[in-house]
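Chemist: Attaching a single structure in structure tokens format; questions to follow.
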Amino acid sequence: MRRGIRGALATALVAGLALAATACGGGGGNGGGAGGELSGTVTFWDTSNDAEKATYQKLAEGFQKEHPKVHVTYVNVPFGDANAKFKNAAGGGAGAPDVMRTDVAWVADFASLGYLAPLDGTPALDKTADYLPQAVSSTKFNGKSYAAPQVIDTLGLFYNKKLLKDAGVPVPKTFAELAAAAPKIKEKTGATALYLRGDDPYWFLPYLYGEGGDMVDAHSKTIKIDNAAGVRAFRTIKSLVDSKAAVTDATDGQENQLKALKDGTVAMAIDGPWDIEGARAGKAFQDKSNLGVAPVPGGSTAHGSPQGGWDLSVYAGSKNLSAAYAFVQYMSSAKVQQETTDKLSLLPTRTSVYDVPAVKQNEMVGFFKPAVDGAVQRPWIAQGNSLFEPVKVQMNKVLTGAATPEQAAKATGDAYRKLLKDYK
């Protein structure tokens, strides 16, 4: 995940645009006034992956059927580039989209810089009582709403049912059980037990939560990453790789993990619902029922997986706020969320969608909904996304032997104290 901070002048400029647009009711430019017919263009930056983007493009362009005078310009922006690209465009005052599919960890950050339009009292926030409360939490900053929840997710353990059966081992409930089963999996099937994402710090969180730890406590403003639980988490990933229970890669982990799972060279991987369709496209899952999903294994004291997901945010400097609000309302509607679940098995953020029979019968929703209900919420603070980079650096050092788990935990905590001046 990339990050960057723009200057105060750019922040003030975009914040001023937001205030001006709000003052005139968001109906300026070619968007149409209150009660008027919407027109003009809405540029939508979609950050979905290769297996999802065709579906999202079709859904986005479906907005034009309801508003024929509005043209939707769909742009797929790779996730790894999206954060920095949006900040550069918004900070420069040109080239930013009207609407962006925003990672839940980015909302408070973008809002703190003045780059997002507040959505309270606009059509973008429609039927808010229907949203899952935990999905709403990621859209808030300083008491205002800066996004509409689109999908919610968490991590689970994807596993190859045939490989585990051939090895004669059950689905592991803890990382200790996984490590113990690894030699038998290798002997009986030739596959490595686990692909461990060493390139993305988000994937470190289950190990941290599994030890009863956390990055920070935002309520007490306390750094927690460098306590005993943090040390144990770094020790766990080191042990799994050193014992050859897991294979890892410091680069391109997303693609390499998915390929290893699809090809059957690993028996298990920790992943999310966004990769269900991608995994099922592989030769190991020509029989789609061969893909199993279970809770992420626990650590020595607990089970835990981070709450993730995607929100829809509106650029404060949009010249077509009325149409942008309507587009967000459409893309976060129960109808579109149901279509997203039907086609991609992604989890809705609206409670009413879970009552739809087709959604109730979706196997992956059946697993991931309880997992989401038990997921750990991350600190929804402006610096939340920035907390990951120090973890990423230290994960690499631990996995390559350049730092001990104790050194990595301490270095991460020191980095957090420089970032969060008022935390202890």
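Letters A, B, ... mark the chains of the structure tokens in the order given; residue numbers begin at 1 per chain; ligand numbers begin at 1, in order shown.
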Give me, as number ranges by chain, all polymer residues having an atom no more than 7 Å from segment 174-190 of chain A, counting only C-alpha atoms and skipping those fewer than 5 positions away in the same chain.

Modeler: A: 163-164, 166-167, 169, 240, 245, 297-299

Chemist: Could the residues in this selection be written to a file with C-alpha atoms, as a PDB file, in the first residue's frame?

Modeler:
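Once everything was written out, this is again03.pdb:
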ATOM      1  CA  LEU A 163      -4.754 -32.586  -0.985  1.00  0.00           C
ATOM      2  CA  LEU A 164      -5.725 -32.574   2.675  1.00  0.00           C
ATOM      3  CA  ASP A 166      -4.844 -37.497   0.390  1.00  0.00           C
ATOM      4  CA  ALA A 167      -2.516 -36.452   3.208  1.00  0.00           C
ATOM      5  CA  VAL A 169      -4.963 -34.447   7.787  1.00  0.00           C
ATOM      6  CA  LEU A 240       6.413 -21.423   9.517  1.00  0.00           C
ATOM      7  CA  ALA A 245       5.594 -25.516   6.494  1.00  0.00           C
ATOM      8  CA  PRO A 297      -6.094 -20.683  12.074  1.00  0.00           C
ATOM      9  CA  GLY A 298      -5.675 -19.312  15.558  1.00  0.00           C
ATOM     10  CA  GLY A 299      -2.498 -18.473  17.365  1.00  0.00           C
TER      11      GLY A 299
END

Chemist: Segment 236-409 of chain A: which residues are strand (DSSP E) by DSSP, as a ChimeraX atom specification?

Modeler: /A:246-249,266-271,291-294,308-314,347-348

Chemist: Nearest to Ser145 of chain A: which of A:Ala250, A:Leu312, A:Leu113, A:Leu420 is it, counting only C-alpha atoms?

Modeler: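 Selected residue with least distance to Ser145 of chain A: A:Leu312.
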
Chemist: Return as number ranges by chain the full set of residues in segment 204-257 of chain A whose backbone-based DSSP assignment is alpha helix (DSSP H).

Modeler: A: 205-209, 228-242, 253-257

Chemist: Neighbours of Trp274 of chain A within 8 Å (only C-alpha atoms; same-chain residues fewer than 5 positions away dropped), as JSON, numbers by chain?

Modeler: {"A": [49, 52, 344, 345, 346]}

Chemist: Go ahead and save the picked residues with N, CA and C atoms, as a short mmCIF file (atom, residue, chain, number, x, y, z; two decimals), in the first residue's frame.

Modeler:
data_model
loop_
_atom_site.label_atom_id
_atom_site.label_comp_id
_atom_site.auth_asym_id
_atom_site.auth_seq_id
_atom_site.Cartn_x
_atom_site.Cartn_y
_atom_site.Cartn_z
N ASN A 49 -10.02 -6.41 -8.90
CA ASN A 49 -8.98 -7.20 -9.57
C ASN A 49 -9.44 -7.72 -10.92
N GLU A 52 -12.68 -9.59 -11.25
CA GLU A 52 -13.89 -8.86 -10.86
C GLU A 52 -14.24 -7.70 -11.78
N LEU A 344 -19.95 -12.65 -8.09
CA LEU A 344 -18.58 -12.69 -7.56
C LEU A 344 -18.46 -13.30 -6.16
N SER A 345 -19.58 -13.64 -5.54
CA SER A 345 -19.60 -14.18 -4.17
C SER A 345 -18.99 -13.22 -3.17
N LEU A 346 -19.06 -11.92 -3.44
CA LEU A 346 -18.60 -10.91 -2.49
C LEU A 346 -19.73 -10.61 -1.50
#

Chemist: Which residues, written as a PyMOL selection string, have at least one atom at most 12 Å from Phe79 of chain A, with only C-alpha atoms counted and residues fewer than 2 positions away on the same chain left out?

Modeler: chain A and resi 1-2+45-50+53+76-77+81-86+100-103+106+254+310

Chemist: Which of these residues is nearest to Val216 of chain A, using only C-alpha atoms: A:Phe44, A:Trp380, A:Tyr146, A:Tyr315?

Modeler: A:Trp380

Chemist: I'd like to know which of A:Ser239, A:Thr251, A:Gln307, A:Thr412 is closest to Phe368 of chain A, using only C-alpha atoms.

Modeler: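 Residue with the minimum atom-to-atom distance to Phe368 of chain A: A:Gln307.
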
Chemist: Taking 5 positions as the minimum chain separation for residues in the same chain, which residues sit within 12 Å of Val241 of chain A when counting only C-alpha atoms? Answer as an MDAnalysis selection string.

Modeler: chainID A and resid 175 178:179 182 192:198 234:236 246:249 395:396 398:401

Chemist: I want to know what sits within 7 Å of Pro206 of chain A, based on only C-alpha atoms, with residues of the same chain fewer than 2 positions away left out; could you give that as an MDAnalysis selection string?

Modeler: chainID A and resid 203:204 208:210 304:306
